[in-house]
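Student: This is the structure, below, for whatever I ask next.
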Amino acid sequence: MTGRVVFLGLLLICVAADAEKNSGLLKKPSCADMEIVACPLNLAPVCGSDGNTYANECTLCAERQMTKMDILIAKEESC
């Protein structure tokens with residue numbers, strides 16, 4: 001009985017860790033509610049859910065505003 005409880009506990013931990021890892025696949029960018037006029041020139045590439053690489057999160061947000069598409073961050077690096 002104790003072995004079964006330990007096994008189930010370890011299984012639960014593994015499933016929870018895997019779910020946490022996969023939950024970050026697409027992240028909503030933190031875009032301002034007002035119109036974006038200009039973005040900083042810092043290079044911090046993000047890969048959008050549309051398959052394009054953006055120079056930083058602000059440029060992704062500007063593209064969201066311009067195209068009216070719900071582009072999410074797929075990963076915090078180039079596509």
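Residues are referred to by chain and number: the chain letter is A, B, ... according to the order shown in the structure tokens, the number counts from 1 in that chain, and ligands are numbered separately from 1 in the order shown.
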Using only C-alpha atoms, determine which residues lie at most 10 Å from segment 36-48 of chain A, disregarding the query and same-chain residues fewer than 6 positions distant; provide the list as a list in words.

Tutor: Leu26, Lys27, Pro29, Tyr54, Ala55, Asn56, Glu57, Cys58, Thr59, Leu60, Cys61, Ala62, Glu63, Gln65, Met66, Asp70, Ile71, Leu72, Ile73, Ala74, Lys75, Glu76, Glu77, Ser78 and Cys79 of chain A

Student: Could the residues in this selection be saved with N, CA, C and O atoms as a tab-separated table (two decimals), in the first residue's frame?

Tutor:
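Output saved as part.tsv:
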chain	number	residue	atom	x	y	z
A	26	LEU	N	2.45	29.34	-25.42
A	26	LEU	CA	2.07	30.62	-26.00
A	26	LEU	C	1.77	31.59	-24.87
A	26	LEU	O	1.02	31.28	-23.97
A	27	LYS	N	2.41	32.76	-24.94
A	27	LYS	CA	2.25	33.75	-23.88
A	27	LYS	C	1.65	35.02	-24.47
A	27	LYS	O	2.07	35.47	-25.55
A	29	PRO	N	1.38	38.79	-24.96
A	29	PRO	CA	2.31	39.90	-24.73
A	29	PRO	C	1.67	40.98	-23.86
A	29	PRO	O	0.45	41.13	-23.84
A	54	TYR	N	10.11	39.07	-34.17
A	54	TYR	CA	9.99	40.50	-33.92
A	54	TYR	C	11.18	40.94	-33.09
A	54	TYR	O	11.68	40.20	-32.24
A	55	ALA	N	11.65	42.17	-33.32
A	55	ALA	CA	12.84	42.69	-32.64
A	55	ALA	C	12.67	42.70	-31.12
A	55	ALA	O	13.61	42.45	-30.39
A	56	ASN	N	11.46	42.96	-30.67
A	56	ASN	CA	11.15	42.95	-29.24
A	56	ASN	C	9.64	42.84	-29.07
A	56	ASN	O	8.89	42.84	-30.05
A	57	GLU	N	9.19	42.77	-27.84
A	57	GLU	CA	7.77	42.58	-27.56
A	57	GLU	C	6.94	43.77	-28.04
A	57	GLU	O	5.81	43.62	-28.50
A	58	CYS	N	7.51	44.96	-27.98
A	58	CYS	CA	6.79	46.16	-28.43
A	58	CYS	C	6.48	46.09	-29.92
A	58	CYS	O	5.37	46.43	-30.35
A	59	THR	N	7.44	45.64	-30.72
A	59	THR	CA	7.18	45.55	-32.17
A	59	THR	C	6.13	44.48	-32.47
A	59	THR	O	5.35	44.64	-33.40
A	60	LEU	N	6.08	43.43	-31.67
A	60	LEU	CA	5.01	42.44	-31.81
A	60	LEU	C	3.67	43.09	-31.49
A	60	LEU	O	2.68	42.89	-32.20
A	61	CYS	N	3.63	43.89	-30.43
A	61	CYS	CA	2.39	44.58	-30.06
A	61	CYS	C	1.95	45.56	-31.14
A	61	CYS	O	0.76	45.68	-31.43
A	62	ALA	N	2.90	46.25	-31.74
A	62	ALA	CA	2.58	47.19	-32.82
A	62	ALA	C	1.97	46.43	-34.00
A	62	ALA	O	1.00	46.91	-34.62
A	63	GLU	N	2.51	45.27	-34.31
A	63	GLU	CA	1.96	44.45	-35.41
A	63	GLU	C	0.55	43.97	-35.06
A	63	GLU	O	-0.32	43.94	-35.93
A	65	GLN	N	-1.61	45.56	-33.24
A	65	GLN	CA	-2.50	46.70	-33.41
A	65	GLN	C	-2.77	46.98	-34.88
A	65	GLN	O	-3.90	47.25	-35.28
A	66	MET	N	-1.73	46.91	-35.69
A	66	MET	CA	-1.86	47.24	-37.11
A	66	MET	C	-2.71	46.22	-37.86
A	66	MET	O	-3.56	46.58	-38.67
A	70	ASP	N	-4.57	38.44	-33.25
A	70	ASP	CA	-4.17	38.07	-31.90
A	70	ASP	C	-2.88	37.27	-31.95
A	70	ASP	O	-2.88	36.05	-31.84
A	71	ILE	N	-1.76	37.98	-32.11
A	71	ILE	CA	-0.44	37.33	-32.19
A	71	ILE	C	0.08	37.15	-30.77
A	71	ILE	O	0.13	38.09	-29.99
A	72	LEU	N	0.47	35.94	-30.44
A	72	LEU	CA	1.01	35.61	-29.13
A	72	LEU	C	2.50	35.37	-29.23
A	72	LEU	O	3.04	35.18	-30.32
A	73	ILE	N	3.18	35.32	-28.09
A	73	ILE	CA	4.62	35.01	-28.05
A	73	ILE	C	4.78	33.50	-27.97
A	73	ILE	O	4.36	32.88	-27.00
A	74	ALA	N	5.40	32.92	-28.99
A	74	ALA	CA	5.63	31.47	-29.02
A	74	ALA	C	6.89	31.13	-28.21
A	74	ALA	O	6.93	30.09	-27.53
A	75	LYS	N	7.91	31.97	-28.29
A	75	LYS	CA	9.13	31.77	-27.50
A	75	LYS	C	9.90	33.07	-27.43
A	75	LYS	O	9.75	33.95	-28.28
A	76	GLU	N	10.74	33.20	-26.42
A	76	GLU	CA	11.52	34.41	-26.15
A	76	GLU	C	12.85	34.38	-26.89
A	76	GLU	O	13.89	34.59	-26.30
A	77	GLU	N	12.80	34.11	-28.17
A	77	GLU	CA	13.99	34.12	-29.03
A	77	GLU	C	13.53	34.12	-30.48
A	77	GLU	O	12.33	34.08	-30.75
A	78	SER	N	14.44	34.17	-31.41
A	78	SER	CA	14.08	34.15	-32.82
A	78	SER	C	13.37	32.85	-33.19
A	78	SER	O	13.60	31.82	-32.57
A	79	CYS	N	12.53	32.94	-34.20
A	79	CYS	CA	11.80	31.74	-34.66
A	79	CYS	C	12.73	30.76	-35.36
A	79	CYS	O	13.75	31.12	-35.87
